[in-house]
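*Asks:* The following file, structure_21.csv, comprises CSV, C-alpha atoms:
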chain,number,residue,atom,x,y,z
P,1,MET,CA,13.3,38.9,-32.2
P,2,LYS,CA,15.4,35.9,-31.1
P,3,GLU,CA,16.6,37.9,-28.0
P,4,LYS,CA,13.0,38.8,-27.1
P,5,LEU,CA,12.1,35.1,-27.3
P,6,LYS,CA,15.0,34.1,-25.1
P,7,SER,CA,14.0,36.8,-22.5
P,8,ALA,CA,10.4,35.7,-22.6
P,9,LEU,CA,11.4,32.1,-22.1
P,10,MET,CA,13.6,32.9,-19.2
P,11,LEU,CA,10.9,35.1,-17.5
P,12,ALA,CA,8.3,32.4,-18.0
P,13,GLY,CA,10.7,29.8,-16.6
P,14,LEU,CA,11.3,31.9,-13.5
P,15,VAL,CA,7.5,32.5,-12.9
P,16,MET,CA,6.7,28.8,-13.3
P,17,ALA,CA,9.5,27.8,-10.9
P,18,VAL,CA,8.2,30.2,-8.3
P,19,LEU,CA,4.7,29.0,-8.8
P,20,LEU,CA,5.8,25.4,-8.5
P,21,VAL,CA,7.5,26.2,-5.1
P,22,PHE,CA,4.4,27.8,-3.7
P,23,MET,CA,2.1,25.0,-5.1
P,24,ALA,CA,4.3,22.4,-3.5
P,25,ILE,CA,4.1,24.2,-0.1
P,26,TYR,CA,0.4,24.5,-0.4
P,27,GLY,CA,-0.1,20.9,-1.4
P,28,ALA,CA,1.9,19.8,1.7
P,29,PHE,CA,-0.6,21.4,4.0
P,30,ILE,CA,-4.0,20.4,2.5
P,31,GLY,CA,-3.7,16.6,2.9
P,32,PRO,CA,-3.1,13.9,0.3
P,33,GLU,CA,-6.7,13.6,-1.1
P,34,ARG,CA,-7.1,17.4,-1.7
P,35,ALA,CA,-3.6,17.7,-3.0
P,36,LYS,CA,-4.3,14.9,-5.5
P,37,ALA,CA,-7.4,16.7,-6.7
P,38,PHE,CA,-5.6,20.0,-6.8
P,39,PHE,CA,-2.6,18.9,-8.9
P,40,ASN,CA,-4.9,17.0,-11.3
P,41,SER,CA,-7.3,19.9,-11.8
P,42,PRO,CA,-7.8,21.4,-15.3
P,43,VAL,CA,-5.9,24.6,-14.4
P,44,LEU,CA,-2.9,22.6,-13.2
P,45,SER,CA,-3.1,20.2,-16.2
P,46,ALA,CA,-2.6,23.3,-18.4
P,47,TYR,CA,0.3,24.3,-16.2
P,48,TRP,CA,2.1,20.9,-16.5
P,49,LEU,CA,1.7,21.0,-20.3
P,50,ALA,CA,3.0,24.5,-20.5
P,51,LEU,CA,6.0,23.6,-18.2
P,52,THR,CA,6.8,20.6,-20.4
P,53,ALA,CA,6.6,22.8,-23.6
P,54,LEU,CA,8.8,25.4,-21.9
P,55,LEU,CA,11.5,23.0,-21.1
P,56,ALA,CA,11.5,21.5,-24.6
P,57,GLY,CA,11.6,25.0,-26.1
P,58,ALA,CA,14.5,26.0,-23.9
P,59,LEU,CA,16.6,23.1,-25.2
P,60,VAL,CA,15.9,24.3,-28.8
P,61,VAL,CA,16.5,28.0,-28.2
P,62,PHE,CA,19.3,27.9,-25.7
P,63,ARG,CA,22.1,26.0,-27.3
P,64,TRP,CA,24.3,26.3,-24.2
P,65,LEU,CA,21.8,23.9,-22.4
P,66,VAL,CA,22.6,21.2,-25.0
P,67,ARG,CA,26.3,21.2,-25.3
P,68,PRO,CA,27.2,20.3,-21.7
P,69,ARG,CA,26.1,16.7,-21.3
P,70,GLY,CA,25.0,17.2,-17.7
P,71,LEU,CA,22.6,20.0,-18.4
P,72,LEU,CA,21.1,18.2,-21.4
P,73,LEU,CA,20.5,15.1,-19.2
P,74,ILE,CA,19.0,17.2,-16.4
P,75,HIS,CA,16.5,19.0,-18.7
P,76,ALA,CA,15.7,15.8,-20.7
P,77,GLY,CA,15.1,14.0,-17.4
P,78,CYS,CA,12.7,16.7,-16.2
P,79,ILE,CA,10.8,16.5,-19.5
P,80,LEU,CA,10.5,12.7,-19.3
P,81,VAL,CA,9.2,12.9,-15.7
P,82,LEU,CA,6.5,15.5,-16.7
P,83,VAL,CA,5.5,13.5,-19.9
P,84,GLY,CA,5.2,10.3,-17.9
P,85,ALA,CA,3.2,11.9,-15.2
P,86,ILE,CA,0.8,13.5,-17.7
P,87,TRP,CA,0.5,10.3,-19.7
P,88,GLY,CA,-0.5,8.3,-16.5
P,89,SER,CA,-2.7,11.0,-15.0
P,90,GLN,CA,-6.5,10.7,-14.9
P,91,ALA,CA,-6.8,13.5,-17.5
P,92,GLY,CA,-4.2,11.7,-19.7
P,93,LEU,CA,-6.1,8.4,-19.4
P,94,GLU,CA,-9.4,10.1,-20.3
P,95,LEU,CA,-7.8,11.8,-23.3
P,96,ARG,CA,-6.3,8.5,-24.5
P,97,SER,CA,-9.7,6.9,-24.1
P,98,ARG,CA,-11.4,9.4,-26.3
P,99,LEU,CA,-8.6,9.4,-29.0
P,100,LEU,CA,-7.5,5.7,-29.0
P,101,GLY,CA,-10.6,4.0,-27.6
P,102,THR,CA,-8.7,2.5,-24.6
P,103,ASP,CA,-10.5,1.9,-21.3
P,104,ASN,CA,-7.9,2.2,-18.7
P,105,VAL,CA,-8.3,2.9,-14.9
P,106,GLN,CA,-5.9,5.1,-12.9
P,107,THR,CA,-7.0,3.7,-9.5
P,108,GLY,CA,-9.7,1.4,-8.4
P,109,TYR,CA,-10.3,-1.8,-6.3
P,110,MET,CA,-11.2,-5.4,-6.6
P,111,ILE,CA,-13.2,-7.5,-4.1
P,112,ILE,CA,-12.4,-11.2,-4.6
P,113,HIS,CA,-13.9,-14.1,-2.6
P,114,GLU,CA,-11.8,-17.1,-1.7
P,115,GLY,CA,-11.9,-19.6,-4.5
P,116,ASP,CA,-13.4,-17.2,-7.0
P,117,SER,CA,-11.8,-15.2,-9.8
P,118,GLU,CA,-12.5,-11.6,-10.8
P,119,ASN,CA,-11.6,-9.3,-13.7
P,120,ARG,CA,-13.7,-6.2,-12.9
P,121,ILE,CA,-12.1,-3.1,-11.4
P,122,SER,CA,-14.5,-0.8,-9.5
P,123,MET,CA,-13.7,2.9,-9.8
P,124,GLU,CA,-13.1,4.7,-6.6
P,125,ASP,CA,-15.0,7.8,-7.5
P,126,SER,CA,-18.0,6.3,-9.4
P,127,TYR,CA,-20.1,3.2,-9.8
P,128,ARG,CA,-18.4,2.4,-13.1
P,129,THR,CA,-16.5,-0.9,-13.6
P,130,VAL,CA,-13.8,-1.8,-16.1
P,131,GLU,CA,-13.0,-5.3,-17.2
P,132,LEU,CA,-9.5,-6.5,-17.5
P,133,PRO,CA,-8.4,-8.9,-20.3
P,134,PHE,CA,-7.4,-11.4,-17.5
P,135,HIS,CA,-8.7,-12.7,-14.2
P,136,ILE,CA,-7.3,-12.7,-10.7
P,137,LYS,CA,-8.2,-15.8,-8.7
P,138,LEU,CA,-7.9,-15.8,-4.9
P,139,LYS,CA,-6.6,-19.3,-4.0
P,140,ASP,CA,-6.3,-18.5,-0.3
P,141,PHE,CA,-6.4,-15.6,2.1
P,142,ARG,CA,-4.8,-15.7,5.5
P,143,VAL,CA,-3.9,-13.4,8.4
P,144,GLU,CA,-0.7,-13.9,10.3
P,145,PHE,CA,-0.2,-12.7,13.9
P,146,TYR,CA,2.8,-11.9,16.0
P,147,LYS,CA,3.8,-14.7,18.3
P,148,PRO,CA,3.2,-15.3,21.1
P,149,GLU,CA,-0.4,-14.2,21.5
P,150,TYR,CA,-1.5,-13.2,25.0
P,151,LEU,CA,-4.2,-13.7,27.5
P,152,GLU,CA,-4.5,-10.4,29.5
P,153,ILE,CA,-5.8,-10.5,33.0
P,154,VAL,CA,-6.8,-7.3,34.9
P,155,THR,CA,-7.4,-7.5,38.7
P,156,ALA,CA,-7.6,-5.0,41.5
P,157,GLN,CA,-3.9,-5.6,42.1
P,158,GLY,CA,-2.9,-4.8,38.5
P,159,ARG,CA,-2.5,-6.2,35.0
P,160,SER,CA,-0.7,-9.3,33.9
P,161,LYS,CA,-0.5,-11.5,30.8
P,162,ILE,CA,0.5,-15.0,29.8
P,163,PRO,CA,1.5,-16.4,26.4
P,164,VAL,CA,-1.3,-18.3,24.7
P,165,ALA,CA,-0.5,-22.0,24.8
P,166,VAL,CA,-2.5,-25.0,26.0
P,167,GLY,CA,-1.5,-25.8,29.6
P,168,ASN,CA,0.0,-22.3,30.5
P,169,THR,CA,-1.0,-21.4,34.0
P,170,CYS,CA,-1.0,-18.0,35.8
P,171,SER,CA,-1.8,-17.1,39.4
P,172,ILE,CA,-4.2,-14.2,39.8
P,173,GLY,CA,-3.8,-13.8,43.6
P,174,THR,CA,-4.2,-15.9,46.7
P,175,ASP,CA,-7.9,-14.8,47.0
P,176,LEU,CA,-8.7,-15.5,43.3
P,177,GLY,CA,-6.8,-18.7,42.4
P,178,THR,CA,-5.2,-19.7,39.2
P,179,ILE,CA,-6.0,-19.6,35.5
P,180,THR,CA,-5.1,-22.3,33.0
P,181,ILE,CA,-5.5,-22.2,29.2
P,182,VAL,CA,-7.3,-25.3,28.1
P,183,ARG,CA,-8.2,-24.8,24.4
P,184,VAL,CA,-7.5,-22.3,21.6
P,185,PHE,CA,-10.2,-21.7,19.0
P,186,GLU,CA,-9.9,-20.1,15.6
P,187,ASN,CA,-13.7,-20.1,15.1
P,188,PHE,CA,-15.6,-20.8,18.3
P,189,ARG,CA,-19.0,-22.3,17.9
P,190,ILE,CA,-21.5,-23.6,20.4
P,191,SER,CA,-24.5,-25.7,19.6
P,192,SER,CA,-27.3,-27.3,21.6
P,193,ASP,CA,-28.7,-30.7,21.0
P,194,GLY,CA,-31.4,-31.9,23.4
P,195,GLY,CA,-30.3,-29.5,26.0
P,196,LYS,CA,-26.6,-30.5,25.8
P,197,GLU,CA,-24.3,-27.8,24.7
P,198,THR,CA,-21.3,-28.7,22.5
P,199,VAL,CA,-18.3,-26.4,21.8
P,200,THR,CA,-16.4,-26.9,18.6
P,201,ASP,CA,-13.7,-25.2,16.5
P,202,ASP,CA,-15.2,-25.0,13.0
P,203,ARG,CA,-12.5,-23.3,11.0
P,204,GLN,CA,-14.3,-23.7,7.7
P,205,ALA,CA,-17.4,-21.8,8.7
P,206,GLY,CA,-16.2,-18.4,10.0
P,207,TYR,CA,-13.8,-16.5,12.2
P,208,ASN,CA,-14.3,-16.1,16.0
P,209,PRO,CA,-11.0,-16.5,17.9
P,210,ALA,CA,-11.5,-17.6,21.5
P,211,LEU,CA,-9.8,-19.3,24.5
P,212,GLU,CA,-11.3,-21.8,26.9
P,213,ILE,CA,-9.8,-21.3,30.3
P,214,MET,CA,-10.1,-23.1,33.6
P,215,ILE,CA,-10.2,-21.2,36.9
P,216,GLN,CA,-9.2,-23.0,40.0
P,217,ASN,CA,-10.6,-21.0,42.9
P,218,PRO,CA,-8.9,-21.0,46.4
P,219,ASP,CA,-11.5,-23.4,47.7
P,220,LYS,CA,-10.5,-25.9,44.9
P,221,THR,CA,-13.7,-25.5,42.9
P,222,ILE,CA,-13.3,-25.3,39.1
P,223,ALA,CA,-15.0,-22.9,36.7
P,224,THR,CA,-14.8,-22.7,33.0
P,225,ARG,CA,-14.7,-19.4,31.1
P,226,TYR,CA,-14.5,-18.5,27.4
P,227,VAL,CA,-12.5,-15.4,26.3
P,228,PHE,CA,-13.3,-13.9,22.9
P,229,GLU,CA,-10.9,-11.7,20.9
P,230,LYS,CA,-13.8,-9.7,19.6
P,231,PHE,CA,-15.0,-8.9,23.1
P,232,PRO,CA,-12.1,-7.7,25.2
P,233,ASN,CA,-12.4,-6.9,28.9
P,234,TYR,CA,-15.5,-9.0,29.2
P,235,THR,CA,-16.3,-10.3,32.7
P,236,TYR,CA,-18.7,-13.0,33.9
P,237,PRO,CA,-21.1,-12.1,36.7
P,238,GLY,CA,-19.4,-12.6,40.1
P,239,ASP,CA,-15.8,-12.5,38.7
P,240,GLN,CA,-13.4,-10.0,40.1
P,241,PHE,CA,-11.2,-9.7,37.1
P,242,LEU,CA,-11.3,-8.9,33.4
P,243,LEU,CA,-10.0,-11.2,30.6
P,244,SER,CA,-8.9,-10.3,27.1
P,245,TYR,CA,-7.5,-12.3,24.2
P,246,ARG,CA,-4.9,-10.1,22.6
P,247,ARG,CA,-3.4,-10.7,19.1
P,248,SER,CA,-1.5,-8.3,16.9
P,249,ILE,CA,-1.7,-8.6,13.2
P,250,ARG,CA,1.7,-9.1,11.6
P,251,ASP,CA,0.6,-9.5,7.9
P,252,TYR,CA,-2.3,-10.4,5.7
P,253,ILE,CA,-1.7,-12.3,2.6
P,254,SER,CA,-3.6,-13.0,-0.6
P,255,GLU,CA,-2.4,-16.0,-2.5
P,256,VAL,CA,-3.5,-15.3,-6.1
P,257,GLN,CA,-3.2,-16.6,-9.6
P,258,VAL,CA,-3.4,-14.6,-12.9
P,259,ILE,CA,-5.5,-16.5,-15.4
P,260,LYS,CA,-5.5,-15.5,-19.1
P,261,ASP,CA,-7.1,-17.4,-21.9
P,262,GLY,CA,-7.9,-20.2,-19.4
P,263,LYS,CA,-4.3,-20.7,-18.4
P,264,VAL,CA,-2.5,-19.7,-15.2
P,265,VAL,CA,0.2,-17.2,-16.4
P,266,ALA,CA,1.4,-15.9,-13.0
P,267,GLU,CA,1.2,-16.5,-9.3
P,268,LYS,CA,1.9,-14.2,-6.4
P,269,ASN,CA,1.5,-13.9,-2.6
P,270,ILE,CA,0.3,-10.3,-2.3
P,271,GLU,CA,1.3,-8.7,0.9
P,272,VAL,CA,1.5,-5.2,2.2
P,273,ASN,CA,4.3,-3.5,0.3
P,274,HIS,CA,4.7,-6.6,-2.0
P,275,PRO,CA,2.2,-6.0,-4.8
P,276,LEU,CA,1.5,-8.1,-7.9
P,277,HIS,CA,2.5,-6.3,-11.2
P,278,PHE,CA,0.8,-7.6,-14.3
P,279,GLY,CA,-0.9,-6.2,-17.4
P,280,GLY,CA,0.0,-2.6,-16.8
P,281,TYR,CA,-1.4,-2.5,-13.2
P,282,HIS,CA,-0.1,-2.9,-9.7
P,283,PHE,CA,-2.3,-4.9,-7.3
P,284,TYR,CA,-1.8,-4.0,-3.7
P,285,GLN,CA,-3.2,-5.6,-0.6
P,286,SER,CA,-5.6,-3.0,0.8
P,287,SER,CA,-8.2,-4.6,3.0
P,288,TYR,CA,-10.0,-7.8,3.8
P,289,ASP,CA,-13.1,-9.4,5.3
P,290,THR,CA,-12.6,-8.8,9.0
P,291,ARG,CA,-15.5,-11.0,10.1
P,292,ALA,CA,-14.8,-14.3,8.4
P,293,HIS,CA,-11.6,-13.8,6.4
P,294,ARG,CA,-13.4,-15.0,3.2
P,295,TYR,CA,-12.5,-12.3,0.8
P,296,THR,CA,-9.8,-9.8,0.0
P,297,VAL,CA,-9.8,-6.2,-1.2
P,298,LEU,CA,-7.0,-5.3,-3.7
P,299,SER,CA,-6.2,-1.8,-4.6
P,300,VAL,CA,-5.5,-1.4,-8.3
P,301,VAL,CA,-3.1,1.3,-9.6
P,302,SER,CA,-2.2,1.8,-13.3
P,303,ASP,CA,1.5,1.9,-14.1
P,304,SER,CA,0.9,3.9,-17.3
P,305,GLY,CA,3.7,6.4,-17.7
P,306,LEU,CA,5.6,5.0,-14.7
P,307,TRP,CA,8.6,3.8,-16.7
P,308,LEU,CA,8.9,7.2,-18.4
P,309,VAL,CA,9.0,8.8,-14.9
P,310,TYR,CA,11.6,6.3,-13.7
P,311,SER,CA,13.7,6.9,-16.8
P,312,GLY,CA,13.4,10.7,-16.3
P,313,TYR,CA,14.6,10.4,-12.7
P,314,LEU,CA,17.5,8.2,-13.9
P,315,LEU,CA,18.5,10.8,-16.5
P,316,LEU,CA,18.1,13.6,-13.9
P,317,VAL,CA,20.4,11.9,-11.4
P,318,ALA,CA,22.9,11.0,-14.1
P,319,GLY,CA,22.9,14.6,-15.3
P,320,VAL,CA,23.5,16.0,-11.8
P,321,PHE,CA,26.3,13.5,-11.2
P,322,TRP,CA,27.9,14.3,-14.5
P,323,HIS,CA,27.6,18.1,-14.3
P,324,PHE,CA,28.9,18.5,-10.7
P,325,TRP,CA,31.4,15.7,-10.4
P,326,LEU,CA,32.3,13.6,-13.5
P,327,ARG,CA,33.0,16.5,-15.8
P,328,ARG,CA,35.4,18.0,-13.3
P,329,VAL,CA,37.2,14.6,-12.9
P,330,PHE,CA,37.6,14.3,-16.7
P,331,ALA,CA,38.7,17.9,-17.0
P,332,LYS,CA,41.4,17.4,-14.4
P,333,ARG,CA,42.7,14.2,-16.0
P,334,ARG,CA,42.9,16.0,-19.4
P,335,SER,CA,44.8,18.8,-17.8
P,336,GLU,CA,47.2,16.5,-16.1
P,337,GLY,CA,47.7,14.5,-19.3
P,338,GLY,CA,48.5,17.7,-21.2
P,339,VAL,CA,51.1,18.7,-18.6
P,340,ASN,CA,52.8,15.3,-18.7
P,341,GLY,CA,52.8,15.1,-22.4
P,342,TYR,CA,49.9,12.6,-22.9
Now, as a test, write the supplied structure out as structure tokens.
*Replies:*
Amino acid sequence: MKEKLKSALMLAGLVMAVLLVFMAIYGAFIGPERAKAFFNSPVLSAYWLALTALLAGALVVFRWLVRPRGLLLIHAGCILVLVGAIWGSQAGLELRSRLLGTDNVQTGYMIIHEGDSENRISMEDSYRTVELPFHIKLKDFRVEFYKPEYLEIVTAQGRSKIPVAVGNTCSIGTDLGTITIVRVFENFRISSDGGKETVTDDRQAGYNPALEIMIQNPDKTIATRYVFEKFPNYTYPGDQFLLSYRRSIRDYISEVQVIKDGKVVAEKNIEVNHPLHFGGYHFYQSSYDTRAHRYTVLSVVSDSGLWLVYSGYLLLVAGVFWHFWLRRVFAKRRSEGGVNGY
């Protein structure tokens, strides 16, 4: 009976390993979203549970997997990785919600306006929201650009560009004259009062980057032009060139505070690849208001089960290191010690 059980476990392990290889290949070709849905489907959930039970059963039945420390660590690490992944999966969160009454979110997003605080996570696949036991306040949002920025000029003779700085001048040809940058606007606004137009840079009211340039024609006449980042390659009637205000985004940053029970308990500048971790969630910089830079969009990801997965990988690496290297080193030292009388 015991031998039949061992044979069944070995056969089941081989079949599951082959299935895992084919599923990994399939998942690599169907795209991340479909792969996520596939590996979290009910059928695959049953597969992960069965694989975890199989590994645990193998440690009980096959004693030769337990005695060598390396093999024990490898198998224990695999079990922890699977348990952590199941615990933090959407199916795991739903099961815990039914059994324990918790209301966790695997993934979602938060939209927070500058100066406001928010504690509601919106689900990505439904209209449901979940409230956190703390608030995230957006103190400030800013976009940083690579320096220098450029004014790009396209003429019949070719393309040229000059760094954006007040006073910079560029010749655009003997028959076209020169261009000089006069002003730089973060939010260009023009108003009319009694027929008189006034140009201002109202940085508190919106986001409309622009340049004011002066064109000195070959006949010494002066013309003023405005170049807007949002409208590249725009040309004024009669002009023989195209102008563009070029800026490349380097980073966008949300300066936030975590508020719990009316007190600020944490602060963080959230940037791309530099998330905030608090209360069992990671908050990533995802998007922002591209028109006025007045709100941020944070992607929220639960870290439930993550530390089990990390611990499993640590055991797995330690087991491989022990099994294929350390045990040989210790065996060699014991052998040399015996030969020399130690």
*Asks:* Taking all atoms listed in the file into account, which of P:Arg247, P:Leu9, P:Leu308, P:Pro237 comes nearest Val60 in chain P?
*Replies:*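 Under the stated criterion, the closest residue is P:Leu9.
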*Asks:* Work out how far apart CA of Leu80 in chain P and CA of Leu306 in chain P are and give it in Å to one decimal.
*Replies:*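 Rounded to one decimal, the two atoms are 10.2 Å apart.
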*Asks:* Could you check how far CA of Arg291 in chain P sits from CA of Leu138 in chain P, in Å to one decimal?
*Replies:*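 Distance reported for this atom pair: 17.5 Å.
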*Asks:* Can you tell me, as a list of chain:residue names, what residues are no more than 6 Å from Gln285 in chain P when counting all atoms listed in the file, ignoring any on the same chain fewer than 5 positions away?
*Replies:*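 Answer for this query is P:Glu271, P:Val272, P:Leu298.
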*Asks:* Would you please work out which residue, of P:Glu186, P:Gly115, P:Arg334, P:Ser254, is nearest to Gly206 in chain P when using all atoms listed in the file?
*Replies:*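 For Gly206 in chain P, the nearest of the candidates is P:Glu186.
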*Asks:* Since the input is missing atoms, can you rebuild N, CA and C atoms for range 212-241 of chain P and write them as an mmCIF file, in the frame of the given file?
*Replies:*
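rebuild08.cif was written with the following content:
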data_model
loop_
_atom_site.group_PDB
_atom_site.id
_atom_site.type_symbol
_atom_site.label_atom_id
_atom_site.label_comp_id
_atom_site.auth_asym_id
_atom_site.auth_seq_id
_atom_site.Cartn_x
_atom_site.Cartn_y
_atom_site.Cartn_z
ATOM 1 N N GLU P 212 -10.569 -21.158 25.748
ATOM 2 C CA GLU P 212 -11.300 -21.800 26.900
ATOM 3 C C GLU P 212 -10.271 -21.860 28.027
ATOM 4 N N ILE P 213 -10.654 -21.292 29.167
ATOM 5 C CA ILE P 213 -9.800 -21.300 30.300
ATOM 6 C C ILE P 213 -10.447 -21.940 31.512
ATOM 7 N N MET P 214 -9.622 -22.489 32.373
ATOM 8 C CA MET P 214 -10.100 -23.100 33.600
ATOM 9 C C MET P 214 -9.627 -22.276 34.777
ATOM 10 N N ILE P 215 -10.554 -21.937 35.648
ATOM 11 C CA ILE P 215 -10.200 -21.200 36.900
ATOM 12 C C ILE P 215 -10.337 -22.097 38.059
ATOM 13 N N GLN P 216 -9.247 -22.245 38.777
ATOM 14 C CA GLN P 216 -9.200 -23.000 40.000
ATOM 15 C C GLN P 216 -9.285 -22.024 41.179
ATOM 16 N N ASN P 217 -10.420 -21.978 41.854
ATOM 17 C CA ASN P 217 -10.600 -21.000 42.900
ATOM 18 C C ASN P 217 -9.822 -21.492 44.183
ATOM 19 N N PRO P 218 -9.600 -20.575 45.136
ATOM 20 C CA PRO P 218 -8.900 -21.000 46.400
ATOM 21 C C PRO P 218 -9.521 -22.117 47.113
ATOM 22 N N ASP P 219 -10.854 -22.274 46.965
ATOM 23 C CA ASP P 219 -11.500 -23.400 47.700
ATOM 24 C C ASP P 219 -11.521 -24.672 46.840
ATOM 25 N N LYS P 220 -10.676 -24.688 45.762
ATOM 26 C CA LYS P 220 -10.500 -25.900 44.900
ATOM 27 C C LYS P 220 -11.616 -26.148 43.938
ATOM 28 N N THR P 221 -12.633 -25.300 43.919
ATOM 29 C CA THR P 221 -13.700 -25.500 42.900
ATOM 30 C C THR P 221 -13.168 -25.018 41.550
ATOM 31 N N ILE P 222 -13.774 -25.603 40.510
ATOM 32 C CA ILE P 222 -13.300 -25.300 39.100
ATOM 33 C C ILE P 222 -14.432 -24.601 38.376
ATOM 34 N N ALA P 223 -14.034 -23.606 37.610
ATOM 35 C CA ALA P 223 -15.000 -22.900 36.700
ATOM 36 C C ALA P 223 -14.367 -22.761 35.353
ATOM 37 N N THR P 224 -15.234 -22.835 34.344
ATOM 38 C CA THR P 224 -14.800 -22.700 33.000
ATOM 39 C C THR P 224 -15.268 -21.369 32.399
ATOM 40 N N ARG P 225 -14.359 -20.693 31.681
ATOM 41 C CA ARG P 225 -14.700 -19.400 31.100
ATOM 42 C C ARG P 225 -14.228 -19.426 29.604
ATOM 43 N N TYR P 226 -14.919 -18.637 28.780
ATOM 44 C CA TYR P 226 -14.500 -18.500 27.400
ATOM 45 C C TYR P 226 -14.186 -16.998 27.148
ATOM 46 N N VAL P 227 -13.026 -16.769 26.556
ATOM 47 C CA VAL P 227 -12.500 -15.400 26.300
ATOM 48 C C VAL P 227 -12.470 -15.190 24.800
ATOM 49 N N PHE P 228 -13.162 -14.159 24.316
ATOM 50 C CA PHE P 228 -13.300 -13.900 22.900
ATOM 51 C C PHE P 228 -12.442 -12.685 22.471
ATOM 52 N N GLU P 229 -11.698 -12.845 21.381
ATOM 53 C CA GLU P 229 -10.900 -11.700 20.900
ATOM 54 C C GLU P 229 -11.749 -10.525 20.548
ATOM 55 N N LYS P 230 -12.917 -10.758 20.002
ATOM 56 C CA LYS P 230 -13.800 -9.700 19.600
ATOM 57 C C LYS P 230 -14.464 -8.944 20.713
ATOM 58 N N PHE P 231 -14.389 -9.491 21.927
ATOM 59 C CA PHE P 231 -15.000 -8.900 23.100
ATOM 60 C C PHE P 231 -14.043 -8.745 24.238
ATOM 61 N N PRO P 232 -13.064 -7.853 24.102
ATOM 62 C CA PRO P 232 -12.100 -7.700 25.200
ATOM 63 C C PRO P 232 -12.649 -7.136 26.444
ATOM 64 N N ASN P 233 -11.977 -7.442 27.548
ATOM 65 C CA ASN P 233 -12.400 -6.900 28.900
ATOM 66 C C ASN P 233 -13.771 -7.316 29.284
ATOM 67 N N TYR P 234 -14.202 -8.506 28.821
ATOM 68 C CA TYR P 234 -15.500 -9.000 29.200
ATOM 69 C C TYR P 234 -15.347 -9.719 30.583
ATOM 70 N N THR P 235 -16.354 -9.579 31.430
ATOM 71 C CA THR P 235 -16.300 -10.300 32.700
ATOM 72 C C THR P 235 -17.617 -11.013 32.961
ATOM 73 N N TYR P 236 -17.486 -12.192 33.557
ATOM 74 C CA TYR P 236 -18.700 -13.000 33.900
ATOM 75 C C TYR P 236 -19.224 -12.438 35.234
ATOM 76 N N PRO P 237 -20.529 -12.563 35.446
ATOM 77 C CA PRO P 237 -21.100 -12.100 36.700
ATOM 78 C C PRO P 237 -20.442 -12.812 37.907
ATOM 79 N N GLY P 238 -20.030 -12.032 38.859
ATOM 80 C CA GLY P 238 -19.400 -12.600 40.100
ATOM 81 C C GLY P 238 -17.881 -12.620 39.986
ATOM 82 N N ASP P 239 -17.293 -12.544 38.789
ATOM 83 C CA ASP P 239 -15.800 -12.500 38.700
ATOM 84 C C ASP P 239 -15.265 -11.187 39.104
ATOM 85 N N GLN P 240 -14.074 -11.247 39.668
ATOM 86 C CA GLN P 240 -13.400 -10.000 40.100
ATOM 87 C C GLN P 240 -12.212 -9.667 39.269
ATOM 88 N N PHE P 241 -12.300 -10.008 37.996
ATOM 89 C CA PHE P 241 -11.200 -9.700 37.100
ATOM 90 C C PHE P 241 -11.753 -9.608 35.655
#
